[in-house]
$ cat input16.cif   # mmCIF, C-alpha atoms and all ligand atoms
data_coords
#
loop_
_atom_site.group_PDB
_atom_site.id
_atom_site.type_symbol
_atom_site.label_atom_id
_atom_site.label_comp_id
_atom_site.auth_asym_id
_atom_site.auth_seq_id
_atom_site.Cartn_x
_atom_site.Cartn_y
_atom_site.Cartn_z
ATOM 1 C CA GLY A 1 70.988 41.680 -109.391
ATOM 2 C CA THR A 2 72.772 41.665 -106.069
ATOM 3 C CA GLY A 3 74.785 44.415 -104.453
ATOM 4 C CA LYS A 4 77.301 44.783 -101.651
ATOM 5 C CA SER A 5 76.575 48.222 -100.219
ATOM 6 C CA ILE A 6 78.665 50.306 -97.862
ATOM 7 C CA PHE A 7 75.946 50.781 -95.202
ATOM 8 C CA LEU A 8 73.076 48.348 -95.881
ATOM 9 C CA GLY A 9 74.975 45.079 -96.271
ATOM 10 C CA ASP A 10 73.839 42.813 -99.110
ATOM 11 C CA VAL A 11 70.869 44.083 -101.105
ATOM 12 C CA THR A 12 68.824 42.989 -104.108
ATOM 13 C CA LEU A 13 68.780 45.420 -107.028
ATOM 14 C CA SER A 14 66.407 45.761 -109.939
ATOM 15 C CA THR A 15 68.655 46.379 -112.969
ATOM 16 C CA THR A 16 68.236 46.353 -116.762
ATOM 17 C CA GLU A 17 69.999 44.033 -119.229
ATOM 18 C CA SER A 18 70.910 44.935 -122.770
ATOM 19 C CA ASP A 19 73.068 42.694 -124.998
ATOM 20 C CA GLY A 20 74.502 40.903 -121.985
ATOM 21 C CA THR A 21 75.459 44.053 -120.086
ATOM 22 C CA PHE A 22 73.522 45.151 -117.011
ATOM 23 C CA SER A 23 72.954 48.776 -116.058
ATOM 24 C CA MET A 24 71.711 50.559 -112.952
ATOM 25 C CA THR A 25 68.448 51.523 -114.593
ATOM 26 C CA ASP A 26 65.491 50.601 -112.412
ATOM 27 C CA LEU A 27 62.400 50.109 -114.564
ATOM 28 C CA ASN A 28 60.432 49.008 -111.475
ATOM 29 C CA HIS A 29 60.959 52.502 -110.063
ATOM 30 C CA GLY A 30 60.301 54.864 -112.933
ATOM 31 C CA GLY A 31 63.700 54.359 -114.551
ATOM 32 C CA ASN A 32 65.762 55.638 -111.589
ATOM 33 C CA THR A 33 69.451 55.432 -112.449
ATOM 34 C CA ALA A 34 72.722 55.578 -110.504
ATOM 35 C CA CYS A 35 75.717 57.126 -112.213
ATOM 36 C CA ASP A 36 79.360 58.047 -111.644
ATOM 37 C CA MET A 37 80.481 61.703 -111.721
ATOM 38 C CA ASN A 38 84.077 60.415 -111.786
ATOM 39 C CA ASN A 39 85.068 62.986 -109.125
ATOM 40 C CA SER A 40 84.086 65.928 -111.292
ATOM 41 C CA GLU A 41 81.567 68.609 -110.272
ATOM 42 C CA SER A 42 80.331 69.084 -113.825
ATOM 43 C CA GLY A 43 79.911 67.237 -117.066
ATOM 44 C CA SER A 44 78.084 64.036 -117.809
ATOM 45 C CA CYS A 45 77.349 61.281 -115.341
ATOM 46 C CA GLU A 46 78.075 57.728 -116.464
ATOM 47 C CA VAL A 47 75.375 55.190 -115.616
ATOM 48 C CA PHE A 48 76.933 52.210 -113.831
ATOM 49 C CA THR A 49 77.199 49.017 -115.886
ATOM 50 C CA ASP A 50 78.311 45.523 -114.971
ATOM 51 C CA GLU A 51 78.772 42.193 -116.741
ATOM 52 C CA ASP A 52 77.652 39.763 -114.023
ATOM 53 C CA ASN A 53 74.960 41.818 -112.246
ATOM 54 C CA ALA A 54 76.813 41.503 -108.910
ATOM 55 C CA TRP A 55 77.676 45.047 -107.859
ATOM 56 C CA GLY A 56 80.154 46.584 -105.448
ATOM 57 C CA ASP A 57 82.368 45.070 -102.754
ATOM 58 C CA GLY A 58 80.973 46.807 -99.685
ATOM 59 C CA THR A 59 83.788 49.360 -99.568
ATOM 60 C CA ASN A 60 84.517 52.572 -101.431
ATOM 61 C CA ASN A 61 87.438 50.840 -103.185
ATOM 62 C CA ASP A 62 84.889 49.605 -105.691
ATOM 63 C CA ARG A 63 83.238 52.621 -107.335
ATOM 64 C CA ALA A 64 79.943 50.748 -107.589
ATOM 65 C CA SER A 65 79.521 50.280 -103.814
ATOM 66 C CA ALA A 66 78.347 53.856 -103.136
ATOM 67 C CA ALA A 67 76.021 53.498 -106.110
ATOM 68 C CA VAL A 68 74.532 50.332 -104.595
ATOM 69 C CA ASP A 69 73.595 52.307 -101.455
ATOM 70 C CA VAL A 70 71.865 55.183 -103.231
ATOM 71 C CA TYR A 71 70.287 53.024 -105.941
ATOM 72 C CA ALA A 72 68.743 50.804 -103.248
ATOM 73 C CA GLY A 73 67.912 53.941 -101.238
ATOM 74 C CA ALA A 74 66.093 55.519 -104.166
ATOM 75 C CA ALA A 75 64.039 52.344 -104.640
ATOM 76 C CA SER A 76 63.150 52.250 -100.925
ATOM 77 C CA THR A 77 62.190 55.919 -100.958
ATOM 78 C CA TRP A 78 59.975 55.341 -104.006
ATOM 79 C CA ASP A 79 58.351 52.337 -102.276
ATOM 80 C CA TYR A 80 57.830 54.282 -99.062
ATOM 81 C CA TYR A 81 55.949 57.148 -100.750
ATOM 82 C CA LYS A 82 54.009 54.678 -102.939
ATOM 83 C CA ASP A 83 52.925 52.398 -100.102
ATOM 84 C CA ALA A 84 52.226 55.143 -97.554
ATOM 85 C CA PHE A 85 50.613 57.782 -99.789
ATOM 86 C CA GLY A 86 50.090 56.278 -103.272
ATOM 87 C CA ARG A 87 52.719 58.644 -104.632
ATOM 88 C CA ASN A 88 54.381 57.615 -107.909
ATOM 89 C CA GLY A 89 57.889 58.990 -107.580
ATOM 90 C CA ILE A 90 59.195 62.350 -106.468
ATOM 91 C CA PHE A 91 56.987 64.303 -108.875
ATOM 92 C CA ASP A 92 54.077 61.811 -108.734
ATOM 93 C CA ASP A 93 54.426 61.356 -112.483
ATOM 94 C CA GLY A 94 55.877 57.823 -112.473
ATOM 95 C CA LYS A 95 59.289 59.082 -113.570
ATOM 96 C CA GLY A 96 62.551 58.231 -111.841
ATOM 97 C CA VAL A 97 65.610 60.434 -111.425
ATOM 98 C CA PRO A 98 69.396 59.931 -111.414
ATOM 99 C CA SER A 99 71.392 59.409 -108.223
ATOM 100 C CA ARG A 100 74.864 60.810 -108.926
ATOM 101 C CA VAL A 101 77.772 59.492 -106.820
ATOM 102 C CA HIS A 102 81.503 60.336 -106.536
ATOM 103 C CA TYR A 103 80.735 64.011 -107.053
ATOM 104 C CA GLY A 104 83.829 66.202 -106.821
ATOM 105 C CA SER A 105 86.857 65.486 -104.687
ATOM 106 C CA GLY A 106 86.623 65.349 -100.894
ATOM 107 C CA TYR A 107 83.090 66.735 -101.180
ATOM 108 C CA VAL A 108 81.365 66.503 -97.771
ATOM 109 C CA ASN A 109 77.720 66.973 -98.706
ATOM 110 C CA ALA A 110 74.787 65.634 -100.677
ATOM 111 C CA PHE A 111 72.025 67.614 -102.335
ATOM 112 C CA TRP A 112 68.845 67.764 -104.413
ATOM 113 C CA ASP A 113 69.059 70.279 -107.292
ATOM 114 C CA GLY A 114 65.488 70.281 -108.561
ATOM 115 C CA SER A 115 65.844 67.247 -110.796
ATOM 116 C CA GLN A 116 68.323 64.737 -109.322
ATOM 117 C CA MET A 117 70.316 63.672 -106.254
ATOM 118 C CA THR A 118 74.076 64.133 -105.878
ATOM 119 C CA TYR A 119 76.398 62.579 -103.299
ATOM 120 C CA GLY A 120 79.990 63.385 -102.352
ATOM 121 C CA ASP A 121 82.623 60.937 -101.127
ATOM 122 C CA GLY A 122 83.405 62.812 -97.914
ATOM 123 C CA GLN A 123 86.886 63.708 -96.789
ATOM 124 C CA GLY A 124 89.690 61.769 -95.124
ATOM 125 C CA ASP A 125 88.221 58.997 -93.030
ATOM 126 C CA ASN A 126 84.652 60.112 -93.781
ATOM 127 C CA ALA A 127 82.559 57.633 -95.670
ATOM 128 C CA PRO A 128 80.643 58.653 -98.800
ATOM 129 C CA LEU A 129 77.424 60.448 -97.849
ATOM 130 C CA VAL A 130 75.208 57.663 -99.162
ATOM 131 C CA ALA A 131 73.440 56.259 -96.071
ATOM 132 C CA ILE A 132 69.728 55.560 -96.381
ATOM 133 C CA ASP A 133 68.535 58.467 -94.192
ATOM 134 C CA VAL A 134 70.710 60.880 -96.202
ATOM 135 C CA ALA A 135 69.327 59.557 -99.495
ATOM 136 C CA GLY A 136 65.754 59.696 -98.162
ATOM 137 C CA HIS A 137 66.420 63.242 -96.904
ATOM 138 C CA GLU A 138 67.603 64.483 -100.312
ATOM 139 C CA MET A 139 64.763 62.851 -102.252
ATOM 140 C CA SER A 140 62.274 64.282 -99.777
ATOM 141 C CA HIS A 141 63.519 67.764 -100.706
ATOM 142 C CA GLY A 142 62.223 66.888 -104.166
ATOM 143 C CA VAL A 143 58.887 65.706 -102.811
ATOM 144 C CA SER A 144 58.342 68.785 -100.622
ATOM 145 C CA GLU A 145 59.298 71.030 -103.532
ATOM 146 C CA ALA A 146 56.657 69.305 -105.652
ATOM 147 C CA LEU A 147 54.033 69.427 -102.879
ATOM 148 C CA ALA A 148 54.481 72.943 -101.516
ATOM 149 C CA ASP A 149 57.691 74.543 -102.818
ATOM 150 C CA LEU A 150 58.796 75.103 -99.203
ATOM 151 C CA GLY A 151 61.199 78.044 -98.852
ATOM 152 C CA TYR A 152 64.611 77.995 -97.181
ATOM 153 C CA SER A 153 64.736 80.752 -94.563
ATOM 154 C CA GLY A 154 62.959 81.540 -91.319
ATOM 155 C CA ASP A 155 60.357 79.083 -90.034
ATOM 156 C CA VAL A 156 59.698 77.545 -93.448
ATOM 157 C CA GLY A 157 63.397 76.811 -93.912
ATOM 158 C CA GLY A 158 63.302 74.788 -90.708
ATOM 159 C CA ILE A 159 60.096 73.064 -91.826
ATOM 160 C CA ASN A 160 61.776 72.217 -95.147
ATOM 161 C CA GLU A 161 64.765 70.622 -93.401
ATOM 162 C CA ALA A 162 62.623 68.896 -90.754
ATOM 163 C CA ASN A 163 60.391 67.482 -93.507
ATOM 164 C CA SER A 164 63.458 65.901 -95.113
ATOM 165 C CA ASP A 165 64.689 64.519 -91.771
ATOM 166 C CA VAL A 166 61.218 63.140 -90.947
ATOM 167 C CA PHE A 167 60.868 61.305 -94.245
ATOM 168 C CA GLY A 168 64.550 60.300 -94.437
ATOM 169 C CA THR A 169 63.862 58.605 -91.112
ATOM 170 C CA MET A 170 60.616 57.031 -92.337
ATOM 171 C CA VAL A 171 62.557 55.622 -95.309
ATOM 172 C CA GLU A 172 65.186 54.249 -92.914
ATOM 173 C CA PHE A 173 62.377 52.444 -91.052
ATOM 174 C CA LYS A 174 60.946 51.208 -94.372
ATOM 175 C CA GLU A 175 64.352 49.797 -95.362
ATOM 176 C CA ASN A 176 64.647 48.268 -91.868
ATOM 177 C CA SER A 177 68.217 47.111 -92.433
ATOM 178 C CA ALA A 178 69.715 44.721 -89.904
ATOM 179 C CA VAL A 179 73.030 46.530 -90.431
ATOM 180 C CA ASP A 180 71.812 50.161 -90.287
ATOM 181 C CA LYS A 181 69.091 49.717 -87.685
ATOM 182 C CA PRO A 182 66.359 52.359 -87.920
ATOM 183 C CA ASP A 183 66.507 55.235 -85.448
ATOM 184 C CA PHE A 184 65.581 58.893 -84.991
ATOM 185 C CA LEU A 185 69.136 60.083 -85.627
ATOM 186 C CA ILE A 186 70.222 61.647 -88.920
ATOM 187 C CA GLY A 187 73.497 60.662 -90.599
ATOM 188 C CA GLU A 188 74.611 58.354 -87.793
ATOM 189 C CA GLU A 189 76.344 56.052 -90.294
ATOM 190 C CA ILE A 190 78.449 58.555 -92.250
ATOM 191 C CA ASP A 191 80.465 59.893 -89.286
ATOM 192 C CA ILE A 192 80.973 63.388 -90.652
ATOM 193 C CA ASN A 193 81.968 64.607 -87.178
ATOM 194 C CA GLY A 194 84.658 61.928 -86.993
ATOM 195 C CA ASP A 195 83.723 60.926 -83.443
ATOM 196 C CA GLY A 196 80.808 58.602 -84.127
ATOM 197 C CA THR A 197 78.112 61.179 -83.370
ATOM 198 C CA PRO A 198 75.197 61.720 -85.763
ATOM 199 C CA LEU A 199 74.510 64.945 -87.619
ATOM 200 C CA ARG A 200 71.164 65.470 -85.864
ATOM 201 C CA TYR A 201 69.043 64.059 -83.017
ATOM 202 C CA MET A 202 65.265 64.175 -83.347
ATOM 203 C CA ASP A 203 64.531 63.255 -79.706
ATOM 204 C CA GLU A 204 66.444 66.261 -78.359
ATOM 205 C CA PRO A 205 67.821 68.315 -81.261
ATOM 206 C CA SER A 206 70.042 70.533 -79.064
ATOM 207 C CA LYS A 207 72.269 67.514 -78.386
ATOM 208 C CA ASP A 208 74.163 68.497 -81.576
ATOM 209 C CA GLY A 209 75.174 71.761 -79.887
ATOM 210 C CA ALA A 210 73.309 74.024 -82.331
ATOM 211 C CA SER A 211 69.784 72.827 -83.165
ATOM 212 C CA GLN A 212 66.703 74.156 -81.405
ATOM 213 C CA ASP A 213 64.460 72.085 -79.145
ATOM 214 C CA CYS A 214 61.893 74.868 -78.668
ATOM 215 C CA TRP A 215 60.568 77.634 -80.925
ATOM 216 C CA THR A 216 61.627 81.230 -80.167
ATOM 217 C CA SER A 217 61.157 84.247 -82.431
ATOM 218 C CA ALA A 218 64.877 85.115 -82.240
ATOM 219 C CA GLY A 219 65.980 81.608 -83.181
ATOM 220 C CA GLN A 220 64.357 81.600 -86.578
ATOM 221 C CA ASN A 221 67.176 83.443 -88.349
ATOM 222 C CA GLU A 222 69.537 80.490 -87.953
ATOM 223 C CA ASP A 223 70.547 77.876 -90.527
ATOM 224 C CA PRO A 224 67.523 75.743 -91.559
ATOM 225 C CA HIS A 225 69.475 72.668 -90.392
ATOM 226 C CA TYR A 226 69.198 74.100 -86.843
ATOM 227 C CA THR A 227 65.715 75.626 -86.945
ATOM 228 C CA SER A 228 64.609 72.190 -88.155
ATOM 229 C CA GLY A 229 65.074 71.094 -84.541
ATOM 230 C CA VAL A 230 61.662 72.522 -83.608
ATOM 231 C CA GLY A 231 59.906 70.418 -86.253
ATOM 232 C CA ASN A 232 62.010 67.312 -85.666
ATOM 233 C CA HIS A 233 61.299 67.527 -81.939
ATOM 234 C CA ALA A 234 57.540 67.969 -82.488
ATOM 235 C CA PHE A 235 57.504 64.971 -84.846
ATOM 236 C CA PHE A 236 59.436 62.836 -82.373
ATOM 237 C CA LEU A 237 57.023 63.726 -79.557
ATOM 238 C CA LEU A 238 53.995 63.046 -81.762
ATOM 239 C CA ALA A 239 55.359 59.653 -82.834
ATOM 240 C CA ASN A 240 57.071 58.387 -79.678
ATOM 241 C CA GLY A 241 55.939 60.629 -76.842
ATOM 242 C CA SER A 242 57.936 62.507 -74.219
ATOM 243 C CA GLY A 243 60.368 61.022 -71.731
ATOM 244 C CA GLU A 244 62.031 57.645 -72.167
ATOM 245 C CA SER A 245 61.189 55.585 -75.223
ATOM 246 C CA GLU A 246 62.884 53.033 -77.410
ATOM 247 C CA PHE A 247 64.322 55.835 -79.550
ATOM 248 C CA GLY A 248 65.539 58.362 -76.997
ATOM 249 C CA ASN A 249 64.655 60.439 -73.968
ATOM 250 C CA SER A 250 62.699 63.409 -75.265
ATOM 251 C CA PRO A 251 62.108 66.444 -73.041
ATOM 252 C CA THR A 252 59.280 68.952 -73.541
ATOM 253 C CA CYS A 253 59.722 72.727 -73.374
ATOM 254 C CA ASP A 254 56.887 73.189 -70.854
ATOM 255 C CA ASN A 255 57.300 70.055 -68.719
ATOM 256 C CA SER A 256 54.129 68.588 -70.233
ATOM 257 C CA THR A 257 53.761 64.885 -70.947
ATOM 258 C CA VAL A 258 52.976 63.725 -74.491
ATOM 259 C CA THR A 259 51.864 60.192 -75.334
ATOM 260 C CA GLY A 260 52.918 59.231 -78.865
ATOM 261 C CA ILE A 261 50.566 57.973 -81.594
ATOM 262 C CA GLY A 262 53.256 56.056 -83.541
ATOM 263 C CA ARG A 263 55.374 57.149 -86.471
ATOM 264 C CA ASP A 264 53.086 55.974 -89.302
ATOM 265 C CA LYS A 265 50.162 58.129 -88.157
ATOM 266 C CA ALA A 266 52.506 61.019 -87.352
ATOM 267 C CA ALA A 267 54.013 60.824 -90.853
ATOM 268 C CA ALA A 268 50.590 60.628 -92.527
ATOM 269 C CA ILE A 269 49.420 63.723 -90.660
ATOM 270 C CA TRP A 270 52.624 65.612 -91.521
ATOM 271 C CA TYR A 271 52.554 64.610 -95.209
ATOM 272 C CA ASN A 272 48.899 65.564 -95.668
ATOM 273 C CA ALA A 273 49.447 68.893 -93.943
ATOM 274 C CA ILE A 274 52.305 69.777 -96.312
ATOM 275 C CA LYS A 275 50.302 68.527 -99.303
ATOM 276 C CA ASP A 276 47.019 70.279 -98.485
ATOM 277 C CA TYR A 277 48.104 73.337 -96.470
ATOM 278 C CA GLY A 278 51.820 73.793 -97.236
ATOM 279 C CA THR A 279 53.037 77.078 -98.749
ATOM 280 C CA SER A 280 56.429 78.514 -99.661
ATOM 281 C CA ASN A 281 56.418 80.834 -96.646
ATOM 282 C CA MET A 282 54.434 78.905 -94.031
ATOM 283 C CA SER A 283 55.273 79.308 -90.345
ATOM 284 C CA TYR A 284 55.546 76.650 -87.677
ATOM 285 C CA ALA A 285 52.176 77.883 -86.389
ATOM 286 C CA ASP A 286 50.761 77.239 -89.876
ATOM 287 C CA LEU A 287 52.187 73.724 -89.832
ATOM 288 C CA ARG A 288 50.592 73.094 -86.448
ATOM 289 C CA ALA A 289 47.199 74.325 -87.727
ATOM 290 C CA GLY A 290 47.562 72.330 -90.965
ATOM 291 C CA MET A 291 48.442 69.154 -89.084
ATOM 292 C CA ILE A 292 45.423 69.517 -86.807
ATOM 293 C CA LYS A 293 43.194 69.892 -89.883
ATOM 294 C CA ALA A 294 44.886 66.955 -91.605
ATOM 295 C CA SER A 295 44.451 64.832 -88.484
ATOM 296 C CA ASP A 296 40.781 65.859 -88.146
ATOM 297 C CA THR A 297 40.263 64.639 -91.733
ATOM 298 C CA LEU A 298 42.205 61.400 -91.282
ATOM 299 C CA TYR A 299 41.164 60.430 -87.744
ATOM 300 C CA GLY A 300 38.230 62.670 -86.793
ATOM 301 C CA ALA A 301 37.873 65.990 -84.991
ATOM 302 C CA ASP A 302 38.469 65.554 -81.260
ATOM 303 C CA SER A 303 40.334 62.305 -81.960
ATOM 304 C CA THR A 304 43.236 61.315 -79.731
ATOM 305 C CA GLU A 305 45.441 61.868 -82.792
ATOM 306 C CA SER A 306 44.321 65.488 -83.257
ATOM 307 C CA LYS A 307 44.671 66.246 -79.552
ATOM 308 C CA THR A 308 48.168 64.772 -79.586
ATOM 309 C CA VAL A 309 49.159 66.906 -82.600
ATOM 310 C CA ALA A 310 48.184 70.002 -80.615
ATOM 311 C CA ALA A 311 49.983 68.725 -77.505
ATOM 312 C CA ALA A 312 53.193 67.941 -79.412
ATOM 313 C CA TRP A 313 53.375 71.442 -80.925
ATOM 314 C CA THR A 314 52.541 73.095 -77.612
ATOM 315 C CA ALA A 315 55.388 71.053 -76.102
ATOM 316 C CA VAL A 316 57.873 72.723 -78.492
ATOM 317 C CA SER A 317 56.448 76.220 -77.851
ATOM 318 C CA VAL A 318 54.457 76.480 -81.102
ATOM 319 C CA SER A 319 50.882 77.606 -80.571
HETATM 320 N N1 LIG A 401 72.771 68.217 -97.614
HETATM 321 C C1 LIG A 401 72.162 69.494 -97.433
HETATM 322 C C2 LIG A 401 70.675 69.320 -97.310
HETATM 323 O O1 LIG A 401 70.063 68.605 -98.061
HETATM 324 C C3 LIG A 401 72.452 70.396 -98.537
HETATM 325 C C4 LIG A 401 72.048 71.760 -98.123
HETATM 326 O O2 LIG A 401 72.643 72.348 -97.258
HETATM 327 N N2 LIG A 401 70.967 72.256 -98.682
HETATM 328 O O3 LIG A 401 70.105 69.919 -96.439
HETATM 329 ZN ZN ZN A 402 68.276 69.156 -96.463
HETATM 330 CA CA CA A 403 69.118 57.423 -89.061
#

$ encode --input "input16.cif" --output "structure tokens" --more "lines below"
Ligand code: ASN
Ligand code: ZN
Ligand code: CA
Amino acid sequence: GTGKSIFLGDVTLSTTESDGTFSMTDLNHGGNTACDMNNSESGSCEVFTDEDNAWGDGTNNDRASAAVDVYAGAASTWDYYKDAFGRNGIFDDGKGVPSRVHYGSGYVNAFWDGSQMTYGDGQGDNAPLVAIDVAGHEMSHGVSEALADLGYSGDVGGINEANSDVFGTMVEFKENSAVDKPDFLIGEEIDINGDGTPLRYMDEPSKDGASQDCWTSAGQNEDPHYTSGVGNHAFFLLANGSGESEFGNSPTCDNSTVTGIGRDKAAAIWYNAIKDYGTSNMSYADLRAGMIKASDTLYGADSTESKTVAAAWTAVSVS
């Protein structure tokens, strides 16, 4: 089918037909569905159906539009993990999950609950929280839970949130929409702040006024969405390098210079470190050590990649 999304423009959707009615059931992606919570926070979720397989009108006036965004987003996230790492869905079991939209009334959040994704409509002039980096972020909570059951306080809480920002961003690059151009910002399309600023900046996380650019022992008691800054910053430096780049001007905490190795290698190193060395209470120092080991395995000990992993973590005060 075809869809008019809120944030991705026109998209192609893989849907299922039964007796002349189409449903948002994606058999090419494990049976992912998109369904309508009808502004309730509980009860059943109604899978979207349509007679002509042309979905949404590009605005939230049509209830299907938000579903088009997250249904396409779930397919892109599936394809990203499959193509990059051979992973078959969130649990690597070939099974899809529901994406629930129109959750509650004026609900300004989105979340993963252990088995599915849920998206609110936002409040006032906010748009629904269904942009591709948000969808990729939530699904990546599922992936990291399956890989390492990352915890949600202290260093590991920040790693958990950074992991979701890293892979939400990788999914945004995979989607490569001409309308929502890929970047290293999180939630730049949904305008939660109401002034056009994104939720988070990976090049210099402190630009949001709360996130951390550099690791300190005292900082690790903050909200995981702020302690994630350390990991987001390290990933940005590893991928794009310090100073001016296409995606931002990234400072280092020690005035060092880092030359990036590109986001695909950076993501592969990160993913393998979480998969092979991730634990529910790992520290940022553990992630650094795990990424060096993962890079040694992927690219060779003493490779430029492994040296850059070490340099990127040193540059955010993680040793
Ligand atoms: N949207 C938030 C997140 O995925 C929900 C939360 O605070 N856990 O990080
Ligand atoms: Zn999160
Ligand atoms: Ca983004």

$ residues_around --input "input16.cif" --residues "Asp10 (chain A)" --least-positions-apart "3" --cutoff "12 Å" --atoms "all atoms listed in the file" --output "compact mmCIF listing (two decimals) with C-alpha atoms, in the frame of the given file"
# COMPACT_ATOMS: atom_id res chain seq x y z
CA GLY A 1 70.99 41.68 -109.39
CA THR A 2 72.77 41.66 -106.07
CA GLY A 3 74.78 44.42 -104.45
CA LYS A 4 77.30 44.78 -101.65
CA SER A 5 76.58 48.22 -100.22
CA ILE A 6 78.67 50.31 -97.86
CA PHE A 7 75.95 50.78 -95.20
CA LEU A 13 68.78 45.42 -107.03
CA ALA A 54 76.81 41.50 -108.91
CA TRP A 55 77.68 45.05 -107.86
CA GLY A 56 80.15 46.58 -105.45
CA ASP A 57 82.37 45.07 -102.75
CA GLY A 58 80.97 46.81 -99.68
CA THR A 59 83.79 49.36 -99.57
CA SER A 65 79.52 50.28 -103.81
CA VAL A 68 74.53 50.33 -104.60
CA ASP A 69 73.60 52.31 -101.46
CA ALA A 72 68.74 50.80 -103.25
CA SER A 177 68.22 47.11 -92.43
CA ALA A 178 69.72 44.72 -89.90
CA VAL A 179 73.03 46.53 -90.43
CA ASP A 180 71.81 50.16 -90.29

$ closest_atom_pairs --input "input16.cif" --of "chain A" --to "ligand LIG 401 (chain A)" --cutoff "6 Å" --atoms "only C-alpha atoms and all ligand atoms" --output "JSON lines"
{"residue": "A:Asn109", "atom": "CA", "partner": "A:LIG401", "partner_atom": "N1", "distance": 5.2}
{"residue": "A:Ala110", "atom": "CA", "partner": "A:LIG401", "partner_atom": "N1", "distance": 4.5}
{"residue": "A:Phe111", "atom": "CA", "partner": "A:LIG401", "partner_atom": "C3", "distance": 4.7}
{"residue": "A:Glu138", "atom": "CA", "partner": "A:LIG401", "partner_atom": "O1", "distance": 5.3}

$ closest_residue --input "input16.cif" --among "A:Asn221, A:Ser76, A:Thr49, A:Ser99" --to "Ala34 (chain A)" --atoms "only C-alpha atoms"
A:Ser99

$ residues_near_ligand --input "input16.cif" --ligand "ligand ZN 402 (chain A)" --cutoff "12 Å" --atoms "all atoms listed in the file" --output "ChimeraX atom specification"
/A:109-113,117,133-145,150-152,157-168,186-187,199-200,223-228

$ resolve_selection --input "input16.cif" --expression "the PyMOL selection byres (((not hetatm)) within 7 of (chain A and resi 403))" --output "count of residues only"
10

$ closest_residue --input "input16.cif" --among "A:Asp26, A:Asp83, A:Asp276, A:Glu51" --to "Val171 (chain A)" --atoms "only C-alpha atoms"
A:Asp83

$ residues_around --input "input16.cif" --residues "Glu41 (chain A)" --least-positions-apart "4" --cutoff "8 Å" --atoms "only C-alpha atoms" --output "ChimeraX atom specification"
/A:37,103-104

$ residues_near_point --input "input16.cif" --point "(86.5, 61.5, -91.1)" --cutoff "12 Å" --atoms "only C-alpha atoms" --output "count of residues only"
21

$ build_atoms --input "input16.cif" --residues "region 43-57 of chain A" --atoms "N, CA and C atoms" --output "JSON list (two decimals), in the coordinates of the input"
[["chain", "number", "residue", "atom", "x", "y", "z"],
["A", 43, "GLY", "N", 79.80, 68.18, -115.97],
["A", 43, "GLY", "CA", 79.91, 67.24, -117.07],
["A", 43, "GLY", "C", 78.95, 66.08, -116.91],
["A", 44, "SER", "N", 79.08, 65.11, -117.77],
["A", 44, "SER", "CA", 78.08, 64.04, -117.81],
["A", 44, "SER", "C", 78.33, 63.04, -116.68],
["A", 45, "CYS", "N", 77.30, 62.29, -116.40],
["A", 45, "CYS", "CA", 77.35, 61.28, -115.34],
["A", 45, "CYS", "C", 77.12, 59.93, -116.02],
["A", 46, "GLU", "N", 78.05, 59.00, -115.76],
["A", 46, "GLU", "CA", 78.08, 57.73, -116.46],
["A", 46, "GLU", "C", 77.27, 56.68, -115.69],
["A", 47, "VAL", "N", 76.20, 56.21, -116.29],
["A", 47, "VAL", "CA", 75.38, 55.19, -115.62],
["A", 47, "VAL", "C", 76.22, 53.94, -115.39],
["A", 48, "PHE", "N", 76.13, 53.39, -114.16],
["A", 48, "PHE", "CA", 76.93, 52.21, -113.83],
["A", 48, "PHE", "C", 76.48, 51.01, -114.65],
["A", 49, "THR", "N", 77.48, 50.27, -115.17],
["A", 49, "THR", "CA", 77.20, 49.02, -115.89],
["A", 49, "THR", "C", 78.05, 47.91, -115.30],
["A", 50, "ASP", "N", 77.63, 46.68, -115.55],
["A", 50, "ASP", "CA", 78.31, 45.52, -114.97],
["A", 50, "ASP", "C", 78.00, 44.29, -115.82],
["A", 51, "GLU", "N", 78.97, 43.39, -115.90],
["A", 51, "GLU", "CA", 78.77, 42.19, -116.74],
["A", 51, "GLU", "C", 78.03, 41.08, -116.01],
["A", 52, "ASP", "N", 78.24, 40.94, -114.70],
["A", 52, "ASP", "CA", 77.65, 39.76, -114.02],
["A", 52, "ASP", "C", 76.51, 40.12, -113.07],
["A", 53, "ASN", "N", 76.11, 41.40, -113.04],
["A", 53, "ASN", "CA", 74.96, 41.82, -112.25],
["A", 53, "ASN", "C", 75.18, 41.61, -110.75],
["A", 54, "ALA", "N", 76.44, 41.54, -110.33],
["A", 54, "ALA", "CA", 76.81, 41.50, -108.91],
["A", 54, "ALA", "C", 77.68, 42.74, -108.69],
["A", 55, "TRP", "N", 77.15, 43.69, -107.88],
["A", 55, "TRP", "CA", 77.68, 45.05, -107.86],
["A", 55, "TRP", "C", 78.37, 45.38, -106.54],
["A", 56, "GLY", "N", 79.51, 46.04, -106.64],
["A", 56, "GLY", "CA", 80.15, 46.58, -105.45],
["A", 56, "GLY", "C", 80.86, 45.53, -104.62],
["A", 57, "ASP", "N", 81.69, 46.00, -103.67],
["A", 57, "ASP", "CA", 82.37, 45.07, -102.75],
["A", 57, "ASP", "C", 82.18, 45.47, -101.29]]
